[in-house]
$ cat entry34.pdb   # PDB, C-alpha atoms
MODEL        1
ATOM      1  CA  MET A   1       0.000   0.000   0.000
ATOM      2  CA  SER A   2       1.417   3.354  -0.971
ATOM      3  CA  ALA A   3       1.480   6.454   1.201
ATOM      4  CA  MET A   4      -1.122   8.040  -1.061
ATOM      5  CA  GLN A   5      -3.618   5.241  -0.425
ATOM      6  CA  SER A   6      -3.174   5.337   3.345
ATOM      7  CA  ASN A   7      -3.859   9.092   3.433
ATOM      8  CA  ASP A   8      -7.092   8.661   1.460
ATOM      9  CA  ALA A   9      -8.642   6.779   4.391
ATOM     10  CA  ASN A  10      -8.257   9.854   6.638
ATOM     11  CA  ILE A  11     -10.152  12.203   4.324
ATOM     12  CA  VAL A  12     -13.685  12.966   5.461
ATOM     13  CA  LYS A  13     -15.998  12.294   2.560
ATOM     14  CA  PRO A  14     -19.593  13.468   2.292
ATOM     15  CA  ALA A  15     -22.235  10.903   3.122
ATOM     16  CA  SER A  16     -24.151   9.166   0.378
ATOM     17  CA  LYS A  17     -27.012  10.873  -1.425
ATOM     18  CA  GLY A  18     -29.544  12.429   0.909
ATOM     19  CA  GLY A  19     -27.149  12.458   3.880
ATOM     20  CA  GLU A  20     -25.024  15.183   5.376
ATOM     21  CA  SER A  21     -21.286  15.493   5.607
ATOM     22  CA  THR A  22     -19.766  14.079   8.773
ATOM     23  CA  MET A  23     -18.216  17.507   9.353
ATOM     24  CA  ARG A  24     -21.735  18.936   9.878
ATOM     25  CA  ALA A  25     -22.411  16.537  12.760
ATOM     26  CA  VAL A  26     -23.253  18.065  16.146
ATOM     27  CA  ARG A  27     -21.365  16.964  19.243
ATOM     28  CA  ILE A  28     -21.101  17.942  22.885
ATOM     29  CA  SER A  29     -18.130  20.208  23.440
ATOM     30  CA  LYS A  30     -18.391  20.460  27.229
ATOM     31  CA  VAL A  31     -20.782  20.288  30.174
ATOM     32  CA  VAL A  32     -20.327  22.826  32.976
ATOM     33  CA  ILE A  33     -22.149  22.317  36.287
ATOM     34  CA  ASN A  34     -22.173  25.433  38.474
ATOM     35  CA  MET A  35     -23.272  25.907  42.072
ATOM     36  CA  GLY A  36     -23.374  29.346  43.677
ATOM     37  CA  THR A  37     -22.708  29.386  47.421
ATOM     38  CA  GLY A  38     -22.283  33.028  48.366
ATOM     39  CA  SER A  39     -19.885  33.913  51.158
ATOM     40  CA  ASP A  40     -20.624  30.857  53.353
ATOM     41  CA  ASP A  41     -17.540  28.616  53.663
ATOM     42  CA  GLN A  42     -19.543  25.573  54.803
ATOM     43  CA  ARG A  43     -21.822  25.737  51.746
ATOM     44  CA  GLN A  44     -18.681  26.106  49.588
ATOM     45  CA  SER A  45     -17.155  22.870  50.899
ATOM     46  CA  ASN A  46     -20.531  21.096  50.604
ATOM     47  CA  ALA A  47     -20.865  22.200  46.965
ATOM     48  CA  ILE A  48     -17.388  20.869  46.150
ATOM     49  CA  LEU A  49     -18.204  17.553  47.847
ATOM     50  CA  LEU A  50     -21.507  17.255  45.976
ATOM     51  CA  LEU A  51     -19.984  18.048  42.570
ATOM     52  CA  GLU A  52     -17.242  15.511  43.196
ATOM     53  CA  ARG A  53     -19.833  12.825  43.977
ATOM     54  CA  LEU A  54     -21.881  13.719  40.907
ATOM     55  CA  THR A  55     -19.116  14.013  38.315
ATOM     56  CA  GLY A  56     -16.154  12.058  39.669
ATOM     57  CA  ALA A  57     -13.987  15.027  38.677
ATOM     58  CA  LYS A  58     -12.266  17.556  40.916
ATOM     59  CA  PRO A  59     -14.353  20.751  40.990
ATOM     60  CA  ALA A  60     -12.854  24.230  40.927
ATOM     61  CA  SER A  61     -13.874  27.211  43.032
ATOM     62  CA  ALA A  62     -15.461  30.308  41.529
ATOM     63  CA  ILE A  63     -13.792  33.441  42.901
ATOM     64  CA  SER A  64     -15.406  36.875  43.108
ATOM     65  CA  ARG A  65     -13.956  39.584  40.911
ATOM     66  CA  HIS A  66     -15.591  42.498  42.699
ATOM     67  CA  ARG A  67     -16.360  43.514  46.235
ATOM     68  CA  LEU A  68     -20.078  43.351  47.122
ATOM     69  CA  PRO A  69     -20.528  44.630  50.687
ATOM     70  CA  GLU A  70     -24.333  44.241  50.640
ATOM     71  CA  PHE A  71     -23.824  40.465  50.257
ATOM     72  CA  LYS A  72     -20.724  40.393  52.502
ATOM     73  CA  ILE A  73     -18.506  39.318  49.606
ATOM     74  CA  ALA A  74     -14.916  40.498  49.371
ATOM     75  CA  ARG A  75     -12.832  40.575  46.201
ATOM     76  CA  GLY A  76     -11.011  37.259  45.723
ATOM     77  CA  GLN A  77     -13.392  35.324  47.994
ATOM     78  CA  LYS A  78     -14.710  31.883  47.004
ATOM     79  CA  ILE A  79     -18.369  32.244  46.040
ATOM     80  CA  GLY A  80     -19.172  29.036  44.185
ATOM     81  CA  ALA A  81     -17.970  25.773  42.718
ATOM     82  CA  PHE A  82     -18.068  24.361  39.210
ATOM     83  CA  ALA A  83     -16.979  21.267  37.309
ATOM     84  CA  THR A  84     -16.259  21.086  33.583
ATOM     85  CA  LEU A  85     -16.665  17.743  31.815
ATOM     86  CA  ARG A  86     -15.584  16.792  28.305
ATOM     87  CA  GLY A  87     -15.659  13.605  26.288
ATOM     88  CA  PRO A  88     -17.776  10.488  26.845
ATOM     89  CA  GLY A  89     -18.062  11.119  30.587
ATOM     90  CA  ALA A  90     -19.838  14.394  29.853
ATOM     91  CA  ALA A  91     -22.571  12.628  27.872
ATOM     92  CA  GLU A  92     -23.159  10.104  30.679
ATOM     93  CA  VAL A  93     -23.500  12.800  33.338
ATOM     94  CA  LEU A  94     -25.689  14.886  31.017
ATOM     95  CA  LYS A  95     -28.048  11.931  30.611
ATOM     96  CA  ARG A  96     -28.494  11.773  34.419
ATOM     97  CA  LEU A  97     -28.954  15.540  34.676
ATOM     98  CA  LEU A  98     -31.581  15.602  31.931
ATOM     99  CA  ALA A  99     -33.443  12.764  33.684
ATOM    100  CA  ALA A 100     -33.604  15.007  36.783
ATOM    101  CA  VAL A 101     -35.730  17.479  34.785
ATOM    102  CA  ASP A 102     -37.829  14.627  33.294
ATOM    103  CA  ASN A 103     -36.110  14.931  29.899
ATOM    104  CA  LYS A 104     -38.044  18.123  29.201
ATOM    105  CA  LEU A 105     -36.620  21.504  28.270
ATOM    106  CA  SER A 106     -38.225  24.784  27.359
ATOM    107  CA  ARG A 107     -37.476  26.193  23.902
ATOM    108  CA  ARG A 108     -35.998  29.308  25.525
ATOM    109  CA  GLN A 109     -33.427  27.162  27.353
ATOM    110  CA  VAL A 110     -31.944  26.217  23.972
ATOM    111  CA  VAL A 111     -29.846  28.898  22.272
ATOM    112  CA  ASP A 112     -27.297  28.804  19.459
ATOM    113  CA  ASN A 113     -24.351  26.575  20.437
ATOM    114  CA  ALA A 114     -25.688  25.793  23.956
ATOM    115  CA  ILE A 115     -28.430  24.699  26.317
ATOM    116  CA  ASN A 116     -28.870  25.942  29.886
ATOM    117  CA  PHE A 117     -31.117  24.565  32.594
ATOM    118  CA  GLY A 118     -31.329  24.412  36.357
ATOM    119  CA  ILE A 119     -31.904  21.643  38.865
ATOM    120  CA  LYS A 120     -33.608  22.864  42.044
ATOM    121  CA  GLU A 121     -32.548  20.011  44.335
ATOM    122  CA  TYR A 122     -29.746  17.517  43.834
ATOM    123  CA  ILE A 123     -31.893  14.650  45.154
ATOM    124  CA  ASP A 124     -33.732  14.700  41.800
ATOM    125  CA  ILE A 125     -30.592  13.266  40.154
ATOM    126  CA  ASN A 126     -30.467   9.458  39.853
ATOM    127  CA  GLY A 127     -27.855   7.918  42.131
ATOM    128  CA  LEU A 128     -27.653  10.806  44.612
ATOM    129  CA  LYS A 129     -29.375  10.472  47.956
ATOM    130  CA  TYR A 130     -30.081  13.195  50.493
ATOM    131  CA  ASP A 131     -27.143  13.866  52.813
ATOM    132  CA  PRO A 132     -28.072  15.878  55.938
ATOM    133  CA  LYS A 133     -24.517  17.182  56.155
ATOM    134  CA  ILE A 134     -24.833  18.816  52.711
ATOM    135  CA  GLY A 135     -28.447  19.990  52.975
ATOM    136  CA  MET A 136     -30.517  21.028  49.964
ATOM    137  CA  MET A 137     -28.643  22.616  47.065
ATOM    138  CA  GLY A 138     -29.407  23.261  43.419
ATOM    139  CA  MET A 139     -27.229  23.764  40.377
ATOM    140  CA  ASN A 140     -27.075  25.272  36.901
ATOM    141  CA  VAL A 141     -26.102  23.110  33.947
ATOM    142  CA  ASN A 142     -24.615  24.622  30.770
ATOM    143  CA  VAL A 143     -23.890  22.440  27.745
ATOM    144  CA  SER A 144     -21.864  23.716  24.775
ATOM    145  CA  PHE A 145     -22.116  22.157  21.324
ATOM    146  CA  SER A 146     -19.680  22.252  18.408
ATOM    147  CA  ARG A 147     -18.878  20.551  15.134
ATOM    148  CA  PRO A 148     -15.829  18.547  14.082
ATOM    149  CA  GLY A 149     -13.032  20.882  13.023
ATOM    150  CA  ALA A 150     -13.710  23.554  15.655
ATOM    151  CA  ARG A 151     -10.209  23.061  17.044
ATOM    152  CA  VAL A 152      -8.705  24.544  13.855
ATOM    153  CA  GLU A 153      -9.466  28.034  15.154
ATOM    154  CA  ALA A 154      -8.280  27.365  18.726
ATOM    155  CA  ARG A 155      -5.041  25.450  18.209
ATOM    156  CA  LYS A 156      -1.657  27.153  18.363
ATOM    157  CA  ARG A 157       0.050  25.657  15.322
ATOM    158  CA  ALA A 158      -1.361  26.110  11.800
ATOM    159  CA  ARG A 159      -4.338  28.105  13.082
ATOM    160  CA  SER A 160      -6.971  29.115  10.569
ATOM    161  CA  THR A 161     -10.458  30.532  10.492
ATOM    162  CA  ILE A 162     -13.744  28.694  10.296
ATOM    163  CA  ALA A 163     -16.732  29.899   8.320
ATOM    164  CA  PRO A 164     -19.459  31.397  10.536
ATOM    165  CA  HIS A 165     -22.054  28.894   9.311
ATOM    166  CA  HIS A 166     -19.802  26.037  10.492
ATOM    167  CA  LYS A 167     -19.181  27.623  13.924
ATOM    168  CA  ARG A 168     -22.870  28.142  14.632
ATOM    169  CA  VAL A 169     -24.880  25.160  15.815
ATOM    170  CA  GLY A 170     -28.463  26.329  15.456
ATOM    171  CA  ARG A 171     -31.315  25.884  17.899
ATOM    172  CA  ASP A 172     -33.158  23.422  15.658
ATOM    173  CA  GLU A 173     -30.028  21.301  15.148
ATOM    174  CA  ILE A 174     -29.475  21.121  18.906
ATOM    175  CA  ILE A 175     -33.094  20.163  19.509
ATOM    176  CA  SER A 176     -32.929  17.333  16.951
ATOM    177  CA  PHE A 177     -29.592  16.155  18.446
ATOM    178  CA  LEU A 178     -31.134  16.046  21.950
ATOM    179  CA  GLN A 179     -34.244  14.242  20.729
ATOM    180  CA  LYS A 180     -32.219  11.648  18.850
ATOM    181  CA  ASN A 181     -29.477  10.961  21.422
ATOM    182  CA  PHE A 182     -31.074  11.754  24.794
ATOM    183  CA  ASN A 183     -34.817  11.378  24.096
ATOM    184  CA  VAL A 184     -35.454  14.942  25.266
ATOM    185  CA  SER A 185     -38.667  16.773  24.442
ATOM    186  CA  VAL A 186     -38.444  20.515  23.890
ATOM    187  CA  GLU A 187     -41.663  22.468  24.359
TER
ENDMDL
END

$ encode --input "entry34.pdb" --output "structure tokens"
Amino acid sequence: MSAMQSNDANIVKPASKGGESTMRAVRISKVVINMGTGSDDQRQSNAILLLERLTGAKPASAISRHRLPEFKIARGQKIGAFATLRGPGAAEVLKRLLAAVDNKLSRRQVVDNAINFGIKEYIDINGLKYDPKIGMMGMNVNVSFSRPGARVEARKRARSTIAPHHKRVGRDEIISFLQKNFNVSVE
């Protein structure tokens, strides 16, 4: 086999008639789970513990950028916790989080390139039981979507631009992706 033949296998070819190119496919870029705790240190440690149980990843702390004396928040103080998930683990956690909201989303929760929804109490998530030490806490879930080839614009070496129509994952495309892969109904 010549070098020319082996390179042909790596070229992305359009799908057969009636199908779309594999480069137009929608995929999950990342899932970010955020919990605001305010200035309370105990709630901060509980949020980190809860996110660690939920995701299996090490959460990071959100730090205030400004001083807010009315909420007793100083600049540089920890005011929340968040975990960012990528890859196959993100899809598994997203499936559990969507089940917590009964696999239903509002149309206004879906925007171009992302979906955003909240979970009022963590006990709604499958596999998590109430812990009296943690108490009741909710969270915000933000999911970003992209297409294959998005890294071309972000990488350091041989960077190039991507056409705006390839960058944008539209609302209708996201809705069809969620219906097909996660059985989510959008109303």

$ residues_around --input "entry34.pdb" --residues "region 65-73 of chain A" --least-positions-apart "5" --cutoff "12 Å" --atoms "all atoms listed in the file" --output "list in words"
Thr37, Gly38, Ser39, Asp40, Asp41, Lys78, Ile79 and Gly80 of chain A

$ atom_distance --input "entry34.pdb" --atom1 "CA of Arg171 (chain A)" --atom2 "CA of Asn113 (chain A)"
7.4 Å

$ resolve_selection --input "entry34.pdb" --expression "the PyMOL selection byres ((chain A and resi 148) around 10)" --output "ChimeraX atom specification"
/A:22-27,29,146-147,149-152,166-167

$ residues_near_point --input "entry34.pdb" --point "(-24.0, 9.3, 31.5)" --cutoff "12 Å" --atoms "only C-alpha atoms" --output "PyMOL selection string"
chain A and resi 31+54-56+85-99+125-127+181-182

$ atom_distance --input "entry34.pdb" --atom1 "CA of Leu105 (chain A)" --atom2 "CA of Ala83 (chain A)"
21.6 Å

$ build_atoms --input "entry34.pdb" --residues "region 121-140 of chain A" --atoms "N, CA, C and O atoms" --output "mmCIF file, in the coordinates of the input"
data_model
loop_
_atom_site.group_PDB
_atom_site.id
_atom_site.type_symbol
_atom_site.label_atom_id
_atom_site.label_comp_id
_atom_site.auth_asym_id
_atom_site.auth_seq_id
_atom_site.Cartn_x
_atom_site.Cartn_y
_atom_site.Cartn_z
ATOM 1 N N GLU A 121 -33.065 20.802 43.226
ATOM 2 C CA GLU A 121 -32.548 20.011 44.335
ATOM 3 C C GLU A 121 -31.758 18.828 43.786
ATOM 4 O O GLU A 121 -32.227 18.144 42.886
ATOM 5 N N TYR A 122 -30.603 18.578 44.358
ATOM 6 C CA TYR A 122 -29.746 17.517 43.834
ATOM 7 C C TYR A 122 -30.335 16.132 44.043
ATOM 8 O O TYR A 122 -29.925 15.182 43.375
ATOM 9 N N ILE A 123 -31.313 15.983 44.926
ATOM 10 C CA ILE A 123 -31.893 14.650 45.154
ATOM 11 C C ILE A 123 -32.735 14.189 43.965
ATOM 12 O O ILE A 123 -33.113 13.022 43.895
ATOM 13 N N ASP A 124 -33.013 15.081 43.013
ATOM 14 C CA ASP A 124 -33.732 14.700 41.800
ATOM 15 C C ASP A 124 -32.850 13.906 40.841
ATOM 16 O O ASP A 124 -33.356 13.261 39.922
ATOM 17 N N ILE A 125 -31.542 13.944 41.046
ATOM 18 C CA ILE A 125 -30.592 13.266 40.154
ATOM 19 C C ILE A 125 -30.479 11.799 40.559
ATOM 20 O O ILE A 125 -30.293 11.485 41.744
ATOM 21 N N ASN A 126 -30.591 10.897 39.582
ATOM 22 C CA ASN A 126 -30.467 9.458 39.853
ATOM 23 C C ASN A 126 -29.107 9.151 40.464
ATOM 24 O O ASN A 126 -28.080 9.620 39.988
ATOM 25 N N GLY A 127 -29.103 8.348 41.511
ATOM 26 C CA GLY A 127 -27.855 7.918 42.131
ATOM 27 C C GLY A 127 -27.387 8.794 43.279
ATOM 28 O O GLY A 127 -26.445 8.439 43.977
ATOM 29 N N LEU A 128 -28.019 9.945 43.491
ATOM 30 C CA LEU A 128 -27.653 10.806 44.612
ATOM 31 C C LEU A 128 -28.766 10.793 45.642
ATOM 32 O O LEU A 128 -29.922 11.053 45.317
ATOM 33 N N LYS A 129 -28.403 10.485 46.871
ATOM 34 C CA LYS A 129 -29.375 10.472 47.956
ATOM 35 C C LYS A 129 -29.161 11.695 48.843
ATOM 36 O O LYS A 129 -28.080 12.287 48.857
ATOM 37 N N TYR A 130 -30.173 12.043 49.601
ATOM 38 C CA TYR A 130 -30.081 13.195 50.493
ATOM 39 C C TYR A 130 -29.033 12.946 51.564
ATOM 40 O O TYR A 130 -29.002 11.898 52.202
ATOM 41 N N ASP A 131 -28.163 13.906 51.771
ATOM 42 C CA ASP A 131 -27.143 13.866 52.813
ATOM 43 C C ASP A 131 -27.414 15.039 53.748
ATOM 44 O O ASP A 131 -27.322 16.196 53.338
ATOM 45 N N PRO A 132 -27.758 14.775 55.020
ATOM 46 C CA PRO A 132 -28.072 15.878 55.938
ATOM 47 C C PRO A 132 -26.897 16.825 56.162
ATOM 48 O O PRO A 132 -27.091 18.001 56.457
ATOM 49 N N LYS A 133 -25.695 16.320 55.991
ATOM 50 C CA LYS A 133 -24.517 17.182 56.155
ATOM 51 C C LYS A 133 -24.457 18.252 55.056
ATOM 52 O O LYS A 133 -24.076 19.390 55.297
ATOM 53 N N ILE A 134 -24.870 17.884 53.844
ATOM 54 C CA ILE A 134 -24.833 18.816 52.711
ATOM 55 C C ILE A 134 -26.053 19.731 52.717
ATOM 56 O O ILE A 134 -25.950 20.920 52.435
ATOM 57 N N GLY A 135 -27.225 19.197 53.029
ATOM 58 C CA GLY A 135 -28.447 19.990 52.975
ATOM 59 C C GLY A 135 -28.995 20.009 51.560
ATOM 60 O O GLY A 135 -28.609 19.218 50.708
ATOM 61 N N MET A 136 -29.915 20.926 51.288
ATOM 62 C CA MET A 136 -30.517 21.028 49.964
ATOM 63 C C MET A 136 -29.793 22.084 49.143
ATOM 64 O O MET A 136 -29.645 23.221 49.589
ATOM 65 N N MET A 137 -29.353 21.701 47.958
ATOM 66 C CA MET A 137 -28.643 22.616 47.065
ATOM 67 C C MET A 137 -29.069 22.347 45.631
ATOM 68 O O MET A 137 -29.361 21.214 45.267
ATOM 69 N N GLY A 138 -29.091 23.381 44.829
ATOM 70 C CA GLY A 138 -29.407 23.261 43.419
ATOM 71 C C GLY A 138 -28.191 23.589 42.579
ATOM 72 O O GLY A 138 -27.118 23.917 43.102
ATOM 73 N N MET A 139 -28.359 23.505 41.275
ATOM 74 C CA MET A 139 -27.229 23.764 40.377
ATOM 75 C C MET A 139 -27.711 24.218 39.015
ATOM 76 O O MET A 139 -28.856 23.973 38.644
ATOM 77 N N ASN A 140 -26.836 24.877 38.284
ATOM 78 C CA ASN A 140 -27.075 25.272 36.901
ATOM 79 C C ASN A 140 -26.235 24.371 36.009
ATOM 80 O O ASN A 140 -25.079 24.094 36.319
#
